[in-house]
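S.K.: What follows is the file coords_2.cif, containing mmCIF, C-alpha atoms; chains and numbers go by the auth columns:
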```cif
data_final
#
loop_
_atom_site.group_PDB
_atom_site.id
_atom_site.type_symbol
_atom_site.label_atom_id
_atom_site.label_comp_id
_atom_site.label_asym_id
_atom_site.label_seq_id
_atom_site.Cartn_x
_atom_site.Cartn_y
_atom_site.Cartn_z
_atom_site.B_iso_or_equiv
_atom_site.auth_seq_id
_atom_site.auth_asym_id
ATOM 1 C CA MET A 1 5.785 -1.734 32.735 0.00 1 A
ATOM 2 C CA ASN A 2 9.005 -0.793 31.026 0.00 2 A
ATOM 3 C CA SER A 3 9.510 1.859 28.404 0.00 3 A
ATOM 4 C CA ILE A 4 11.144 0.695 25.188 0.00 4 A
ATOM 5 C CA LYS A 5 14.378 2.559 24.574 0.00 5 A
ATOM 6 C CA GLN A 6 13.942 5.164 21.869 0.00 6 A
ATOM 7 C CA GLU A 7 16.213 7.219 19.695 0.00 7 A
ATOM 8 C CA ARG A 8 16.124 10.934 20.365 0.00 8 A
ATOM 9 C CA GLY A 9 16.102 13.894 18.015 0.00 9 A
ATOM 10 C CA PHE A 10 15.461 13.760 14.304 0.00 10 A
ATOM 11 C CA SER A 11 17.776 12.144 11.782 0.00 11 A
ATOM 12 C CA LYS A 12 17.185 12.366 8.043 0.00 12 A
ATOM 13 C CA GLU A 13 18.913 9.040 7.523 0.00 13 A
ATOM 14 C CA ARG A 14 16.715 7.215 10.033 0.00 14 A
ATOM 15 C CA PHE A 15 13.643 9.013 8.711 0.00 15 A
ATOM 16 C CA PHE A 16 14.237 7.895 5.122 0.00 16 A
ATOM 17 C CA GLN A 17 14.922 4.360 6.320 0.00 17 A
ATOM 18 C CA VAL A 18 11.511 4.310 8.040 0.00 18 A
ATOM 19 C CA VAL A 19 9.843 5.729 4.905 0.00 19 A
ATOM 20 C CA LYS A 20 11.512 3.026 2.820 0.00 20 A
ATOM 21 C CA ARG A 21 10.441 0.320 5.264 0.00 21 A
ATOM 22 C CA LEU A 22 6.815 1.467 5.370 0.00 22 A
ATOM 23 C CA TRP A 23 6.721 1.675 1.576 0.00 23 A
ATOM 24 C CA ILE A 24 8.130 -1.839 1.151 0.00 24 A
ATOM 25 C CA LEU A 25 5.608 -3.265 3.607 0.00 25 A
ATOM 26 C CA ASN A 26 2.643 -1.534 1.960 0.00 26 A
ATOM 27 C CA GLN A 27 3.641 -1.182 -1.697 0.00 27 A
ATOM 28 C CA LYS A 28 1.725 -4.227 -2.929 0.00 28 A
ATOM 29 C CA LYS A 29 -1.543 -2.991 -1.435 0.00 29 A
ATOM 30 C CA TRP A 30 -0.912 0.543 -2.671 0.00 30 A
ATOM 31 C CA LEU A 31 -0.051 -0.501 -6.240 0.00 31 A
ATOM 32 C CA ILE A 32 -3.096 -2.776 -6.457 0.00 32 A
ATOM 33 C CA GLY A 33 -5.307 0.060 -5.224 0.00 33 A
ATOM 34 C CA PHE A 34 -3.757 2.520 -7.671 0.00 34 A
ATOM 35 C CA ALA A 35 -4.181 0.130 -10.586 0.00 35 A
ATOM 36 C CA GLY A 36 -7.785 -0.538 -9.596 0.00 36 A
ATOM 37 C CA GLY A 37 -8.540 3.179 -9.372 0.00 37 A
ATOM 38 C CA VAL A 38 -6.993 3.871 -12.784 0.00 38 A
ATOM 39 C CA GLY A 39 -8.953 0.971 -14.271 0.00 39 A
ATOM 40 C CA ILE A 40 -12.238 2.325 -12.888 0.00 40 A
ATOM 41 C CA LEU A 41 -11.538 5.809 -14.260 0.00 41 A
ATOM 42 C CA ILE A 42 -10.658 4.445 -17.698 0.00 42 A
ATOM 43 C CA LEU A 43 -13.891 2.437 -17.721 0.00 43 A
ATOM 44 C CA ILE A 44 -15.925 5.514 -16.725 0.00 44 A
ATOM 45 C CA TYR A 45 -14.165 7.543 -19.404 0.00 45 A
ATOM 46 C CA LEU A 46 -14.967 5.000 -22.116 0.00 46 A
ATOM 47 C CA ILE A 47 -18.608 4.675 -21.051 0.00 47 A
ATOM 48 C CA ASN A 48 -19.139 8.444 -20.972 0.00 48 A
ATOM 49 C CA ALA A 49 -17.101 9.112 -24.099 0.00 49 A
ATOM 50 C CA PHE A 50 -19.133 6.725 -26.237 0.00 50 A
ATOM 51 C CA GLY A 51 -22.424 7.551 -24.541 0.00 51 A
ATOM 52 C CA ASN A 52 -22.077 11.320 -24.991 0.00 52 A
ATOM 53 C CA PHE A 53 -20.159 11.449 -28.264 0.00 53 A
ATOM 54 C CA SER A 54 -20.918 14.581 -30.237 0.00 54 A
ATOM 55 C CA PRO A 55 -18.359 15.736 -32.826 0.00 55 A
ATOM 56 C CA ALA A 56 -20.049 19.126 -33.260 0.00 56 A
ATOM 57 C CA SER A 57 -19.898 20.147 -29.619 0.00 57 A
ATOM 58 C CA SER A 58 -17.322 20.213 -26.851 0.00 58 A
ATOM 59 C CA GLU A 59 -20.048 19.761 -24.214 0.00 59 A
ATOM 60 C CA SER A 60 -19.658 15.978 -24.312 0.00 60 A
ATOM 61 C CA GLY A 61 -15.960 16.343 -23.544 0.00 61 A
ATOM 62 C CA THR A 62 -16.791 18.509 -20.549 0.00 62 A
ATOM 63 C CA ILE A 63 -19.260 15.923 -19.243 0.00 63 A
ATOM 64 C CA VAL A 64 -16.650 13.186 -19.587 0.00 64 A
ATOM 65 C CA GLY A 65 -14.067 15.309 -17.786 0.00 65 A
ATOM 66 C CA VAL A 66 -16.414 16.074 -14.901 0.00 66 A
ATOM 67 C CA ALA A 67 -17.365 12.400 -14.549 0.00 67 A
ATOM 68 C CA VAL A 68 -13.764 11.169 -14.557 0.00 68 A
ATOM 69 C CA VAL A 69 -12.221 13.832 -12.334 0.00 69 A
ATOM 70 C CA GLY A 70 -15.214 13.914 -9.975 0.00 70 A
ATOM 71 C CA LEU A 71 -15.048 10.158 -9.447 0.00 71 A
ATOM 72 C CA GLY A 72 -11.277 10.384 -9.222 0.00 72 A
ATOM 73 C CA LEU A 73 -11.524 12.824 -6.321 0.00 73 A
ATOM 74 C CA THR A 74 -13.948 10.478 -4.576 0.00 74 A
ATOM 75 C CA LEU A 75 -11.548 7.557 -5.022 0.00 75 A
ATOM 76 C CA TYR A 76 -8.711 9.788 -3.846 0.00 76 A
ATOM 77 C CA LYS A 77 -10.466 10.452 -0.568 0.00 77 A
ATOM 78 C CA TYR A 78 -11.877 7.047 0.293 0.00 78 A
ATOM 79 C CA GLY A 79 -8.951 5.119 -1.115 0.00 79 A
ATOM 80 C CA GLY A 80 -6.665 7.339 0.930 0.00 80 A
ATOM 81 C CA TYR A 81 -8.626 6.641 4.099 0.00 81 A
ATOM 82 C CA PHE A 82 -8.316 2.904 3.532 0.00 82 A
ATOM 83 C CA LEU A 83 -4.584 3.040 2.819 0.00 83 A
ATOM 84 C CA THR A 84 -3.940 5.381 5.739 0.00 84 A
ATOM 85 C CA SER A 85 -5.742 3.129 8.210 0.00 85 A
ATOM 86 C CA GLY A 86 -3.262 0.343 7.467 0.00 86 A
ATOM 87 C CA ILE A 87 0.024 2.239 7.494 0.00 87 A
ATOM 88 C CA PHE A 88 0.822 1.128 11.056 0.00 88 A
ATOM 89 C CA ASN A 89 -0.912 -2.253 10.911 0.00 89 A
ATOM 90 C CA GLU A 90 2.215 -3.842 12.390 0.00 90 A
ATOM 91 C CA LEU A 91 1.229 -2.404 15.752 0.00 91 A
ATOM 92 C CA GLY A 92 -1.886 -4.580 15.802 0.00 92 A
ATOM 93 C CA LYS A 93 0.002 -7.837 15.308 0.00 93 A
ATOM 94 C CA LYS A 94 1.813 -9.509 18.172 0.00 94 A
ATOM 95 C CA SER A 95 4.322 -11.024 15.768 0.00 95 A
ATOM 96 C CA SER A 96 5.409 -7.671 14.311 0.00 96 A
ATOM 97 C CA ALA A 97 4.483 -5.034 16.911 0.00 97 A
ATOM 98 C CA SER A 98 7.797 -5.421 18.713 0.00 98 A
ATOM 99 C CA GLN A 99 9.687 -4.941 15.448 0.00 99 A
ATOM 100 C CA MET A 100 7.948 -1.636 14.805 0.00 100 A
ATOM 101 C CA LEU A 101 8.286 -0.403 18.373 0.00 101 A
ATOM 102 C CA THR A 102 11.976 -1.248 18.624 0.00 102 A
ATOM 103 C CA LEU A 103 13.019 0.290 15.321 0.00 103 A
ATOM 104 C CA PRO A 104 16.132 2.454 15.748 0.00 104 A
ATOM 105 C CA ALA A 105 14.096 5.583 15.053 0.00 105 A
ATOM 106 C CA SER A 106 12.364 8.187 17.182 0.00 106 A
ATOM 107 C CA ASN A 107 8.603 8.494 17.505 0.00 107 A
ATOM 108 C CA LEU A 108 8.758 11.727 15.524 0.00 108 A
ATOM 109 C CA GLU A 109 10.549 9.985 12.657 0.00 109 A
ATOM 110 C CA LYS A 110 8.004 7.157 12.565 0.00 110 A
ATOM 111 C CA PHE A 111 5.107 9.607 12.796 0.00 111 A
ATOM 112 C CA ALA A 112 6.501 11.869 10.069 0.00 112 A
ATOM 113 C CA ALA A 113 7.270 8.919 7.777 0.00 113 A
ATOM 114 C CA GLY A 114 3.716 7.589 8.050 0.00 114 A
ATOM 115 C CA TRP A 115 2.166 11.019 7.514 0.00 115 A
ATOM 116 C CA ILE A 116 4.344 11.948 4.541 0.00 116 A
ATOM 117 C CA LEU A 117 3.631 8.634 2.787 0.00 117 A
ATOM 118 C CA THR A 118 -0.119 8.577 3.364 0.00 118 A
ATOM 119 C CA TYR A 119 -0.820 12.279 2.994 0.00 119 A
ATOM 120 C CA LEU A 120 1.861 14.365 1.317 0.00 120 A
ATOM 121 C CA ILE A 121 3.246 11.963 -1.289 0.00 121 A
ATOM 122 C CA TYR A 122 -0.122 10.309 -1.856 0.00 122 A
ATOM 123 C CA THR A 123 -1.828 13.676 -2.377 0.00 123 A
ATOM 124 C CA ILE A 124 0.868 15.083 -4.657 0.00 124 A
ATOM 125 C CA VAL A 125 0.784 12.007 -6.909 0.00 125 A
ATOM 126 C CA VAL A 126 -2.980 11.413 -7.074 0.00 126 A
ATOM 127 C CA VAL A 127 -4.241 15.006 -7.079 0.00 127 A
ATOM 128 C CA GLY A 128 -1.487 16.014 -9.488 0.00 128 A
ATOM 129 C CA LEU A 129 -2.533 13.320 -11.945 0.00 129 A
ATOM 130 C CA LEU A 130 -6.205 14.241 -11.571 0.00 130 A
ATOM 131 C CA TYR A 131 -5.441 17.912 -12.138 0.00 131 A
ATOM 132 C CA ILE A 132 -3.539 17.126 -15.329 0.00 132 A
ATOM 133 C CA THR A 133 -6.322 14.759 -16.399 0.00 133 A
ATOM 134 C CA GLY A 134 -8.879 17.531 -15.898 0.00 134 A
ATOM 135 C CA ILE A 135 -6.895 19.918 -18.076 0.00 135 A
ATOM 136 C CA VAL A 136 -6.473 17.283 -20.798 0.00 136 A
ATOM 137 C CA LEU A 137 -10.208 16.508 -20.751 0.00 137 A
ATOM 138 C CA GLY A 138 -11.094 20.161 -21.152 0.00 138 A
ATOM 139 C CA ILE A 139 -12.312 21.202 -17.710 0.00 139 A
ATOM 140 C CA ASN A 140 -10.911 23.788 -15.346 0.00 140 A
ATOM 141 C CA PRO A 141 -10.207 22.112 -11.986 0.00 141 A
ATOM 142 C CA ILE A 142 -9.692 25.396 -10.153 0.00 142 A
ATOM 143 C CA LEU A 143 -8.395 25.510 -6.601 0.00 143 A
ATOM 144 C CA THR A 144 -11.103 27.732 -5.108 0.00 144 A
ATOM 145 C CA SER A 145 -14.822 27.509 -4.466 0.00 145 A
ATOM 146 C CA GLN A 146 -15.756 30.664 -6.338 0.00 146 A
ATOM 147 C CA GLN A 147 -18.958 29.059 -7.600 0.00 147 A
ATOM 148 C CA LEU A 148 -20.704 30.134 -4.397 0.00 148 A
ATOM 149 C CA SER A 149 -20.309 33.816 -5.227 0.00 149 A
ATOM 150 C CA ASP A 150 -19.214 34.042 -8.861 0.00 150 A
ATOM 151 C CA PRO A 151 -21.951 33.199 -11.397 0.00 151 A
ATOM 152 C CA VAL A 152 -19.349 33.088 -14.187 0.00 152 A
ATOM 153 C CA VAL A 153 -17.944 29.855 -12.780 0.00 153 A
ATOM 154 C CA ASN A 154 -20.159 26.956 -13.830 0.00 154 A
ATOM 155 C CA MET A 155 -20.890 23.496 -12.508 0.00 155 A
ATOM 156 C CA SER A 156 -18.326 21.842 -14.797 0.00 156 A
ATOM 157 C CA ASN A 157 -15.497 22.921 -12.511 0.00 157 A
ATOM 158 C CA ILE A 158 -14.101 20.446 -10.007 0.00 158 A
ATOM 159 C CA TYR A 159 -12.935 22.086 -6.780 0.00 159 A
ATOM 160 C CA PHE A 160 -9.773 20.413 -5.608 0.00 160 A
ATOM 161 C CA LEU A 161 -9.364 22.577 -2.524 0.00 161 A
ATOM 162 C CA ASP A 162 -12.610 21.400 -0.937 0.00 162 A
ATOM 163 C CA ALA A 163 -11.747 17.749 -1.591 0.00 163 A
ATOM 164 C CA LEU A 164 -8.229 18.308 -0.283 0.00 164 A
ATOM 165 C CA LEU A 165 -9.421 19.925 2.952 0.00 165 A
ATOM 166 C CA THR A 166 -12.003 17.200 3.541 0.00 166 A
ATOM 167 C CA PHE A 167 -9.335 14.561 3.000 0.00 167 A
ATOM 168 C CA THR A 168 -6.973 16.453 5.310 0.00 168 A
ATOM 169 C CA ALA A 169 -9.489 16.349 8.165 0.00 169 A
ATOM 170 C CA PHE A 170 -10.606 12.732 7.821 0.00 170 A
ATOM 171 C CA HIS A 171 -7.100 11.508 6.971 0.00 171 A
ATOM 172 C CA SER A 172 -5.965 12.580 10.442 0.00 172 A
ATOM 173 C CA VAL A 173 -8.824 10.587 11.994 0.00 173 A
ATOM 174 C CA PHE A 174 -7.918 7.417 10.102 0.00 174 A
ATOM 175 C CA PHE A 175 -4.250 8.063 10.852 0.00 175 A
ATOM 176 C CA LEU A 176 -5.089 7.974 14.555 0.00 176 A
ATOM 177 C CA GLY A 177 -7.121 4.810 13.971 0.00 177 A
ATOM 178 C CA SER A 178 -4.119 3.127 12.352 0.00 178 A
ATOM 179 C CA ILE A 179 -2.187 3.607 15.594 0.00 179 A
ATOM 180 C CA TYR A 180 -4.962 3.208 18.150 0.00 180 A
ATOM 181 C CA PHE A 181 -6.793 0.066 16.990 0.00 181 A
ATOM 182 C CA ASP A 182 -5.426 -3.466 16.814 0.00 182 A
ATOM 183 C CA GLY A 183 -6.634 -5.036 13.574 0.00 183 A
ATOM 184 C CA ASN A 184 -9.471 -4.041 11.238 0.00 184 A
ATOM 185 C CA ASN A 185 -8.340 -0.434 11.639 0.00 185 A
ATOM 186 C CA PHE A 186 -10.369 0.926 8.726 0.00 186 A
ATOM 187 C CA LEU A 187 -13.673 -0.631 9.805 0.00 187 A
ATOM 188 C CA LYS A 188 -13.182 0.273 13.463 0.00 188 A
ATOM 189 C CA THR A 189 -12.321 3.874 12.623 0.00 189 A
ATOM 190 C CA LEU A 190 -15.255 4.130 10.229 0.00 190 A
ATOM 191 C CA LEU A 191 -17.588 2.699 12.881 0.00 191 A
ATOM 192 C CA SER A 192 -16.252 5.205 15.419 0.00 192 A
ATOM 193 C CA ILE A 193 -17.016 8.078 13.031 0.00 193 A
ATOM 194 C CA VAL A 194 -20.532 6.776 12.420 0.00 194 A
ATOM 195 C CA VAL A 195 -21.180 6.362 16.157 0.00 195 A
ATOM 196 C CA PHE A 196 -19.880 9.893 16.776 0.00 196 A
ATOM 197 C CA PHE A 197 -22.220 11.469 14.238 0.00 197 A
ATOM 198 C CA ILE A 198 -25.163 9.402 15.475 0.00 198 A
ATOM 199 C CA THR A 199 -24.429 10.552 19.031 0.00 199 A
ATOM 200 C CA VAL A 200 -24.233 14.185 17.917 0.00 200 A
ATOM 201 C CA GLY A 201 -27.536 13.771 16.064 0.00 201 A
ATOM 202 C CA ILE A 202 -29.250 12.274 19.102 0.00 202 A
ATOM 203 C CA LEU A 203 -27.948 15.052 21.345 0.00 203 A
ATOM 204 C CA ALA A 204 -29.157 17.637 18.832 0.00 204 A
ATOM 205 C CA VAL A 205 -32.649 16.109 18.824 0.00 205 A
ATOM 206 C CA ILE A 206 -32.691 16.044 22.631 0.00 206 A
ATOM 207 C CA PHE A 207 -31.624 19.689 22.715 0.00 207 A
ATOM 208 C CA MET A 208 -34.268 20.736 20.203 0.00 208 A
ATOM 209 C CA THR A 209 -36.953 18.818 22.082 0.00 209 A
ATOM 210 C CA ALA A 210 -35.931 20.084 25.526 0.00 210 A
ATOM 211 C CA PHE A 211 -35.731 23.730 24.484 0.00 211 A
ATOM 212 C CA SER A 212 -38.600 23.841 22.003 0.00 212 A
ATOM 213 C CA SER A 213 -40.520 27.114 22.271 0.00 213 A
ATOM 214 C CA ASP A 214 -43.991 25.886 21.268 0.00 214 A
ATOM 215 C CA SER A 215 -46.197 22.815 21.027 0.00 215 A
ATOM 216 C CA THR A 216 -44.825 21.929 17.609 0.00 216 A
ATOM 217 C CA GLY A 217 -41.471 21.106 19.127 0.00 217 A
ATOM 218 C CA VAL A 218 -39.582 23.482 16.872 0.00 218 A
ATOM 219 C CA VAL A 219 -36.772 25.536 18.331 0.00 219 A
ATOM 220 C CA ASN A 220 -37.005 29.200 17.472 0.00 220 A
ATOM 221 C CA LEU A 221 -33.520 30.522 16.787 0.00 221 A
ATOM 222 C CA SER A 222 -34.043 34.247 16.533 0.00 222 A
ATOM 223 C CA PHE A 223 -30.465 35.262 15.849 0.00 223 A
ATOM 224 C CA ASN A 224 -29.231 35.999 12.342 0.00 224 A
ATOM 225 C CA MET A 225 -26.023 34.296 11.286 0.00 225 A
ATOM 226 C CA GLY A 226 -25.426 36.883 8.567 0.00 226 A
ATOM 227 C CA PHE A 227 -22.829 34.660 6.924 0.00 227 A
ATOM 228 C CA HIS A 228 -21.686 35.459 3.433 0.00 228 A
ATOM 229 C CA PRO A 229 -21.102 32.303 1.342 0.00 229 A
ATOM 230 C CA ASN A 230 -17.387 33.045 1.237 0.00 230 A
ATOM 231 C CA ASN A 231 -17.345 33.307 5.056 0.00 231 A
ATOM 232 C CA ILE A 232 -19.000 29.899 5.287 0.00 232 A
ATOM 233 C CA VAL A 233 -16.329 28.430 3.019 0.00 233 A
ATOM 234 C CA MET A 234 -13.524 29.971 5.092 0.00 234 A
ATOM 235 C CA THR A 235 -15.098 28.830 8.360 0.00 235 A
ATOM 236 C CA ALA A 236 -15.416 25.277 7.061 0.00 236 A
ATOM 237 C CA ALA A 237 -11.811 25.363 5.852 0.00 237 A
ATOM 238 C CA PHE A 238 -10.463 26.520 9.218 0.00 238 A
ATOM 239 C CA PHE A 239 -12.597 23.927 11.016 0.00 239 A
ATOM 240 C CA LYS A 240 -11.212 21.099 8.866 0.00 240 A
ATOM 241 C CA ILE A 241 -7.654 22.285 9.418 0.00 241 A
ATOM 242 C CA ALA A 242 -8.276 22.484 13.179 0.00 242 A
ATOM 243 C CA VAL A 243 -9.657 18.919 13.180 0.00 243 A
ATOM 244 C CA ALA A 244 -6.579 17.714 11.305 0.00 244 A
ATOM 245 C CA ILE A 245 -4.180 19.405 13.744 0.00 245 A
ATOM 246 C CA LEU A 246 -6.046 18.000 16.753 0.00 246 A
ATOM 247 C CA PHE A 247 -6.106 14.411 15.518 0.00 247 A
ATOM 248 C CA LEU A 248 -2.512 14.511 14.315 0.00 248 A
ATOM 249 C CA PHE A 249 -1.509 15.625 17.805 0.00 249 A
ATOM 250 C CA LEU A 250 -3.545 12.787 19.314 0.00 250 A
ATOM 251 C CA SER A 251 -1.937 10.379 16.841 0.00 251 A
ATOM 252 C CA TYR A 252 1.548 11.390 17.913 0.00 252 A
ATOM 253 C CA ARG A 253 0.633 11.052 21.587 0.00 253 A
ATOM 254 C CA GLN A 254 -0.886 7.625 20.946 0.00 254 A
ATOM 255 C CA LEU A 255 2.265 6.509 19.134 0.00 255 A
ATOM 256 C CA GLN A 256 4.258 7.587 22.180 0.00 256 A
ATOM 257 C CA ASN A 257 1.911 5.609 24.419 0.00 257 A
ATOM 258 C CA ARG A 258 2.395 2.476 22.314 0.00 258 A
ATOM 259 C CA GLN A 259 6.074 2.540 23.231 0.00 259 A
ATOM 260 C CA ILE A 260 5.107 1.408 26.740 0.00 260 A
ATOM 261 C CA ALA A 261 5.542 -2.348 26.821 0.00 261 A
#
```
As structure tokens, how would this structure be written, given the file I've shared?

M.R.:
Amino acid sequence: MNSIKQERGFSKERFFQVVKRLWILNQKKWLIGFAGGVGILILIYLINAFGNFSPASSESGTIVGVAVVGLGLTLYKYGGYFLTSGIFNELGKKSSASQMLTLPASNLEKFAAGWILTYLIYTIVVVGLLYITGIVLGINPILTSQQLSDPVVNMSNIYFLDALLTFTAFHSVFFLGSIYFDGNNFLKTLLSIVVFFITVGILAVIFMTAFSSDSTGVVNLSFNMGFHPNNIVMTAAFFKIAVAILFLFLSYRQLQNRQIA
């Protein structure tokens, strides 16, 4: 097998050319998805606005804001996974794989272009619009999860940081899937995630059954975690960031491996 000749180093000019190319190839799908998401949010807004209309109280406005921004964050995550899984779909097609692999750009430039489009720019645009929408609709989309420890913060708040960290972790998984799989990247990556969690669940059941302490089959864990809610939030945040770093590293290595023809 021969290695395809690659550019070395990092060039801003080549990088922006790759970003432009990826955008042109995917813009139709992205714009259709964006328009569909906006249409769904407008529909939800109209349904909730008319269904909870109360001129004498601002509570209805809060309910509408929570419904719109909450659904918007859900669309942000799952729509982002779908779009991310197709950013390198050229690699799965024999007719276009060679074009992508022989681009006059380094692996780092291709990797960075795909990540910046599907994560950084996508997040800035979508989350920024949702944040502004939340303010306009009268809710406080704060960036922390203070609700766990601060009773002053109520359920009407939408926590962008938690959604952002969750998206960060799973985005890296779908980013790897866009490079690793050939065709149907989204479905194959999603199936891989499901199989992984099922496997973990089965292993957990086997562990609990094998090490059960009594006839009821219940494992007696005598240690005390002693976790404060804020510590749980921080632990989850660091775990999600670690997952993202790991899978982004694996994505870059897989992109390097795809250069072998």

S.K.: Quick check, in Å to one decimal: how far apart do CA of Phe34 (chain A) and CA of Thr123 (chain A) lie?

M.R.: 12.5 Å

S.K.: Using all atoms listed in the file for the distances, tell me which of A:Gln99, A:Gly80, A:Lys94, A:Thr133 is nearest to Val173 (chain A).

M.R.: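 Looking at the shortest contact to Val173 (chain A), the residue is A:Gly80.
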
S.K.: Would you mind telling me which residue in A:Leu246, A:Val136, A:Leu129, A:Val18 lies nearest to Ile116 (chain A) when using only C-alpha atoms?

M.R.: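 Smallest distance to Ile116 (chain A) is found for A:Val18.
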
S.K.: A:Thr84, A:Ser192, A:Ser251, A:Ser11: which is nearest Tyr122 (chain A), counting all atoms listed in the file?

M.R.: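 Closest candidate: A:Thr84.
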
S.K.: Could you list, as a PDB file with C-alpha atoms, keeping the file's coordinate frame, every residue within 12 Å of Gly92 (chain A), counting all atoms listed in the file and ignoring same-chain residues fewer than 5 positions away?

M.R.:
```
ATOM      1  CA  SER A  85      -5.742   3.129   8.210  1.00  0.00           C
ATOM      2  CA  GLY A  86      -3.262   0.343   7.467  1.00  0.00           C
ATOM      3  CA  ILE A  87       0.024   2.239   7.494  1.00  0.00           C
ATOM      4  CA  ALA A  97       4.483  -5.034  16.911  1.00  0.00           C
ATOM      5  CA  SER A  98       7.797  -5.421  18.713  1.00  0.00           C
ATOM      6  CA  GLN A  99       9.687  -4.941  15.448  1.00  0.00           C
ATOM      7  CA  MET A 100       7.948  -1.636  14.805  1.00  0.00           C
ATOM      8  CA  LEU A 101       8.286  -0.403  18.373  1.00  0.00           C
ATOM      9  CA  GLY A 177      -7.121   4.810  13.971  1.00  0.00           C
ATOM     10  CA  SER A 178      -4.119   3.127  12.352  1.00  0.00           C
ATOM     11  CA  ILE A 179      -2.187   3.607  15.594  1.00  0.00           C
ATOM     12  CA  TYR A 180      -4.962   3.208  18.150  1.00  0.00           C
ATOM     13  CA  PHE A 181      -6.793   0.066  16.990  1.00  0.00           C
ATOM     14  CA  ASP A 182      -5.426  -3.466  16.814  1.00  0.00           C
ATOM     15  CA  GLY A 183      -6.634  -5.036  13.574  1.00  0.00           C
ATOM     16  CA  ASN A 184      -9.471  -4.041  11.238  1.00  0.00           C
ATOM     17  CA  ASN A 185      -8.340  -0.434  11.639  1.00  0.00           C
ATOM     18  CA  ARG A 258       2.395   2.476  22.314  1.00  0.00           C
TER      19      ARG A 258
END
```

S.K.: If you measure from CA of Gly134 (chain A) to CA of Val66 (chain A), what distance in Å do you get, rounded to one decimal?

M.R.: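 CA of Gly134 (chain A) sits 7.7 Å away from CA of Val66 (chain A).
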
S.K.: On this structure, the PyMOL selection byres ((chain A and resi 240) around 12) would catch which residues? List them as a VMD selection string, sorted by chain and number.

M.R.: chain A and resid 161 to 173 233 to 239 241 to 247

S.K.: Here is a test: counting only C-alpha atoms, which residue of A:Leu75, A:Leu255, A:Leu83, A:Leu130 is nearest to Asn107 (chain A)?

M.R.: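 Comparing A:Leu75, A:Leu255, A:Leu83, A:Leu130 against Asn107 (chain A), the winner is A:Leu255.
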
S.K.: Quote the spacing between CA of Trp23 (chain A) and CA of Lys110 (chain A) in Å to one decimal place.

M.R.: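 If I compute the distance from CA of Trp23 (chain A) to CA of Lys110 (chain A), I get 12.3 Å.
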
S.K.: Pick from A:Ser106, A:Gln259, A:Asn48, A:Gln17: nearest to Val68 (chain A), with only C-alpha atoms counted?

M.R.: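 Among A:Ser106, A:Gln259, A:Asn48, A:Gln17, it is A:Asn48 that comes nearest to Val68 (chain A).
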
S.K.: Hey, could you pull the box centre and edge lengths for region 82-95 of chain A, axis-aligned, 8 Å padding per side, all listed atoms, to one decimal in Å, as AutoDock Vina command-line options?

M.R.:
```
--center_x -2.0 --center_y -2.8 --center_z 10.5 --size_x 28.6 --size_y 32.4 --size_z 31.4
```

S.K.: Apply the PyMOL selection byres ((chain A and resi 37-46) around 10) to the file shown and report the selected residues as a list in words.

M.R.: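 Checked against the file, the PyMOL selection byres ((chain A and resi 37-46) around 10) matches Leu31, Ile32, Gly33, Phe34, Ala35, Gly36, Ile47, Asn48, Ala49, Phe50, Gly51, Asn52, Gly61, Ile63, Val64, Gly65, Val66, Ala67, Val68, Val69, Gly70, Leu71, Gly72, Leu75, Tyr76, Gly79 and Leu137 of chain A.
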
S.K.: Using all atoms listed in the file for the distances, tell me which of A:Leu203, A:Ile232, A:Leu176, A:Leu25 is nearest to Phe111 (chain A).

M.R.: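 Ranked by minimum distance to Phe111 (chain A), first place goes to A:Leu176.
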
S.K.: Write out as a ChimeraX atom specification the residues lying within 12 Å of Leu108 (chain A), counting all atoms listed in the file and excluding same-chain residues fewer than 6 positions away.

M.R.: /A:6-12,14-15,18,114-116,248-249,251-256
